[in-house]
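A.B. asks: One file is attached below, final.tsv, containing TSV, C-alpha atoms and all ligand atoms.
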chain	number	residue	atom	x	y	z
A	1	MET	CA	-17.54	0.79	7.93
A	2	ASP	CA	-17.29	3.71	5.53
A	3	CYS	CA	-13.75	3.07	4.33
A	4	ILE	CA	-12.78	3.60	0.70
A	5	PHE	CA	-9.97	1.02	0.77
A	6	CYS	CA	-12.24	-1.62	2.36
A	7	LYS	CA	-14.63	-0.96	-0.52
A	8	ILE	CA	-11.84	-1.32	-3.09
A	9	ALA	CA	-10.74	-4.59	-1.45
A	10	ALA	CA	-14.35	-5.84	-1.58
A	11	GLY	CA	-14.71	-4.79	-5.24
A	12	GLU	CA	-17.43	-2.27	-4.40
A	13	ILE	CA	-15.39	0.64	-5.80
A	14	PRO	CA	-13.40	0.17	-9.01
A	15	ALA	CA	-9.62	0.24	-8.96
A	16	LYS	CA	-6.88	-0.95	-11.28
A	17	LYS	CA	-5.93	-4.04	-9.29
A	18	LEU	CA	-2.56	-5.63	-10.01
A	19	TYR	CA	-2.52	-8.26	-7.28
A	20	GLU	CA	-4.96	-10.00	-4.94
A	21	ASP	CA	-4.75	-12.83	-2.46
A	22	GLU	CA	-6.60	-13.96	0.65
A	23	HIS	CA	-4.97	-11.33	2.84
A	24	ALA	CA	-4.03	-8.41	0.60
A	25	VAL	CA	-4.84	-6.35	-2.49
A	26	ALA	CA	-2.64	-4.06	-4.59
A	27	PHE	CA	-3.91	-1.40	-6.97
A	28	ALA	CA	-2.79	1.71	-8.83
A	29	ASP	CA	-2.85	5.00	-6.93
A	30	ILE	CA	-5.49	7.27	-8.44
A	31	ASN	CA	-3.16	10.30	-8.17
A	32	PRO	CA	0.27	8.88	-9.05
A	33	LYS	CA	3.37	10.67	-7.76
A	34	ALA	CA	5.79	8.60	-9.86
A	35	PRO	CA	5.65	6.58	-13.13
A	36	VAL	CA	4.89	3.54	-10.96
A	37	HIS	CA	2.73	4.28	-7.90
A	38	LEU	CA	0.91	1.32	-6.39
A	39	LEU	CA	-0.83	0.85	-3.05
A	40	ILE	CA	-0.67	-2.44	-1.15
A	41	ILE	CA	-3.32	-2.93	1.53
A	42	PRO	CA	-4.49	-5.68	3.88
A	43	ARG	CA	-8.08	-6.87	3.34
A	44	GLN	CA	-8.53	-6.51	7.09
A	45	HIS	CA	-9.35	-2.96	8.17
A	46	ILE	CA	-6.36	-1.73	10.19
A	47	ALA	CA	-6.45	2.06	10.51
A	48	SER	CA	-2.69	2.65	10.35
A	49	LEU	CA	0.69	1.10	11.08
A	50	ALA	CA	0.34	2.54	14.60
A	51	GLU	CA	-2.66	0.22	15.10
A	52	VAL	CA	-0.71	-2.92	14.26
A	53	GLY	CA	-0.59	-5.03	17.38
A	54	ALA	CA	2.05	-7.32	18.77
A	55	SER	CA	0.33	-10.50	17.60
A	56	GLU	CA	2.37	-12.77	15.33
A	57	GLU	CA	-0.52	-12.71	12.87
A	58	GLU	CA	-0.45	-8.95	12.41
A	59	LYS	CA	3.34	-8.79	12.26
A	60	THR	CA	3.30	-11.54	9.64
A	61	LEU	CA	0.67	-9.58	7.71
A	62	VAL	CA	2.88	-6.46	7.60
A	63	GLY	CA	5.78	-8.60	6.35
A	64	HIS	CA	3.49	-10.12	3.74
A	65	LEU	CA	2.57	-6.64	2.45
A	66	HIS	CA	6.28	-5.86	2.00
A	67	GLY	CA	6.82	-9.13	0.17
A	68	ILE	CA	4.03	-8.24	-2.25
A	69	ALA	CA	5.57	-4.79	-2.79
A	70	ASN	CA	8.90	-6.41	-3.62
A	71	GLU	CA	7.27	-8.86	-6.02
A	72	LEU	CA	5.33	-6.06	-7.74
A	73	ALA	CA	8.53	-4.00	-8.04
A	74	ARG	CA	10.08	-6.96	-9.87
A	75	ARG	CA	7.08	-7.26	-12.18
A	76	GLN	CA	7.19	-3.50	-12.89
A	77	ASN	CA	10.88	-3.75	-13.80
A	78	LEU	CA	12.03	-1.50	-10.97
A	79	GLY	CA	15.46	-3.10	-10.94
A	80	ASN	CA	17.06	0.32	-10.50
A	81	GLY	CA	15.31	0.75	-7.16
A	82	TYR	CA	12.08	1.88	-5.62
A	83	ARG	CA	10.64	3.38	-2.46
A	84	ILE	CA	8.16	1.99	0.05
A	85	VAL	CA	6.32	4.59	2.13
A	86	ILE	CA	3.86	4.09	4.98
A	87	ASN	CA	2.44	7.47	5.96
A	88	THR	CA	1.22	7.12	9.53
A	89	GLY	CA	-1.08	9.53	11.33
A	90	PRO	CA	-1.58	13.27	10.72
A	91	ASP	CA	2.10	14.23	11.01
A	92	GLY	CA	3.00	11.32	8.75
A	93	GLY	CA	0.73	12.71	6.05
A	94	GLN	CA	-1.77	9.84	6.14
A	95	THR	CA	-5.03	10.80	4.42
A	96	VAL	CA	-6.78	7.42	4.11
A	97	ASP	CA	-7.24	5.65	7.43
A	98	HIS	CA	-6.68	2.10	6.21
A	99	LEU	CA	-3.10	0.80	6.39
A	100	HIS	CA	-1.38	1.01	3.01
A	101	LEU	CA	2.11	0.77	1.59
A	102	HIS	CA	3.00	3.09	-1.26
A	103	LEU	CA	5.29	1.50	-3.85
A	104	LEU	CA	6.92	4.30	-5.84
A	105	GLY	CA	9.33	3.86	-8.71
A	106	GLY	CA	10.33	4.63	-12.26
A	107	ARG	CA	12.23	7.79	-11.35
A	108	ALA	CA	14.90	8.83	-8.86
A	109	MET	CA	13.40	9.70	-5.47
A	110	HIS	CA	14.44	12.69	-3.39
A	111	TRP	CA	15.73	12.67	0.17
A	112	PRO	CA	14.62	13.84	2.63
A	113	PRO	CA	10.95	13.65	1.62
A	114	GLY	CA	8.89	16.78	2.30
A	201	LIG	P1	-1.89	8.58	2.21
A	201	LIG	O1	-1.87	10.06	1.98
A	201	LIG	O2	-0.58	7.97	2.55
A	201	LIG	O3	-2.99	8.20	3.19
A	201	LIG	O4	-2.23	7.94	0.80
A	201	LIG	C1	-3.53	7.78	0.31
A	201	LIG	C2	-3.38	7.55	-1.15
A	201	LIG	O5	-4.59	6.98	-1.63
A	201	LIG	C3	-3.13	8.81	-1.99
A	201	LIG	O6	-1.91	8.66	-2.70
A	201	LIG	C4	-4.34	8.88	-2.91
A	201	LIG	O7	-4.01	9.33	-4.20
A	201	LIG	C5	-4.80	7.44	-2.93
A	201	LIG	N1	-6.23	7.22	-3.21
A	201	LIG	C6	-7.28	7.83	-2.63
A	201	LIG	N2	-8.43	7.36	-3.12
A	201	LIG	C7	-8.10	6.41	-4.03
A	201	LIG	C8	-8.84	5.56	-4.90
A	201	LIG	N3	-10.19	5.58	-4.93
A	201	LIG	N4	-8.18	4.71	-5.73
A	201	LIG	C9	-6.83	4.69	-5.71
A	201	LIG	N5	-6.06	5.46	-4.91
A	201	LIG	C10	-6.69	6.32	-4.09
A	202	ZN	ZN	-10.74	-0.05	5.61
As structure tokens, please, write out the structure in this file.
Ligand code: AMP
Ligand code: ZN
C.D. replies:
Amino acid sequence: MDCIFCKIAAGEIPAKKLYEDEHAVAFADINPKAPVHLLIIPRQHIASLAEVGASEEEKTLVGHLHGIANELARRQNLGNGYRIVINTGPDGGQTVDHLHLHLLGGRAMHWPPG
């Protein structure tokens, strides 16, 4: 599978990792859009949120990813708030086809996003 995020999870491509466990990895976005811009991904290759099935295991995994984002926001001192984004599919602006949460913070976000 030629997937850049699978390779980052496997340690085959370098990334600034801030968190790892059995199911997930978090690392710094290479092209940050905010003072704090981290990506949280499952180790398992799931192409997008639209591919997440109805199984309890996959739903638990998506919840786990959000829990990690929240914990990382705490560690990054984002007490004033932050934004979680999951771009999904072409219209959602997804460019890497491996499910990932963006954790953005350290500045005020705009609404609506572009
Ligand atoms: P999306 O457009 O939602 O699919 O987000 C993909 C994100 O992955 C973008 O913010 C990219 O900057 C980021 N990205 C792409 N390649 C890498 C990489 N090798 N290391 C870290 N972040 C990356
Ligand atoms: Zn992958």
A.B. asks: With distances taken over all atoms listed in the file, which residue among A:Arg74, A:Lys16, A:Lys7, A:His66 lies nearest ligand ZN 202 (chain A)?
C.D. replies: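 Among A:Arg74, A:Lys16, A:Lys7, A:His66, it is A:Lys7 that comes nearest to ligand ZN 202 (chain A).
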A.B. asks: Determine the nearest neighbour of His98 (chain A) from the options A:Leu78, A:Leu39, A:Ala15, A:Ile68, counting all atoms listed in the file.
C.D. replies: A:Leu39
A.B. asks: Looking at only C-alpha atoms, which of A:Leu18, A:Met1, A:Glu12, A:Glu51 is the one that sits closest to His37 (chain A)?
C.D. replies: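 For His37 (chain A), the nearest of the given residues is A:Leu18.
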A.B. asks: Mind giving me the straight-line distance from CA of Leu101 (chain A) to CA of Val85 (chain A) in Å, one decimal?
C.D. replies: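 Interatomic distance, CA of Leu101 (chain A) to CA of Val85 (chain A): 5.7 Å.
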A.B. asks: From the list A:Cys3, A:Ile84, A:Leu49, A:Leu104, which residue is nearest Pro32 (chain A) when using all atoms listed in the file?
C.D. replies: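 Smallest distance to Pro32 (chain A) is found for A:Leu104.
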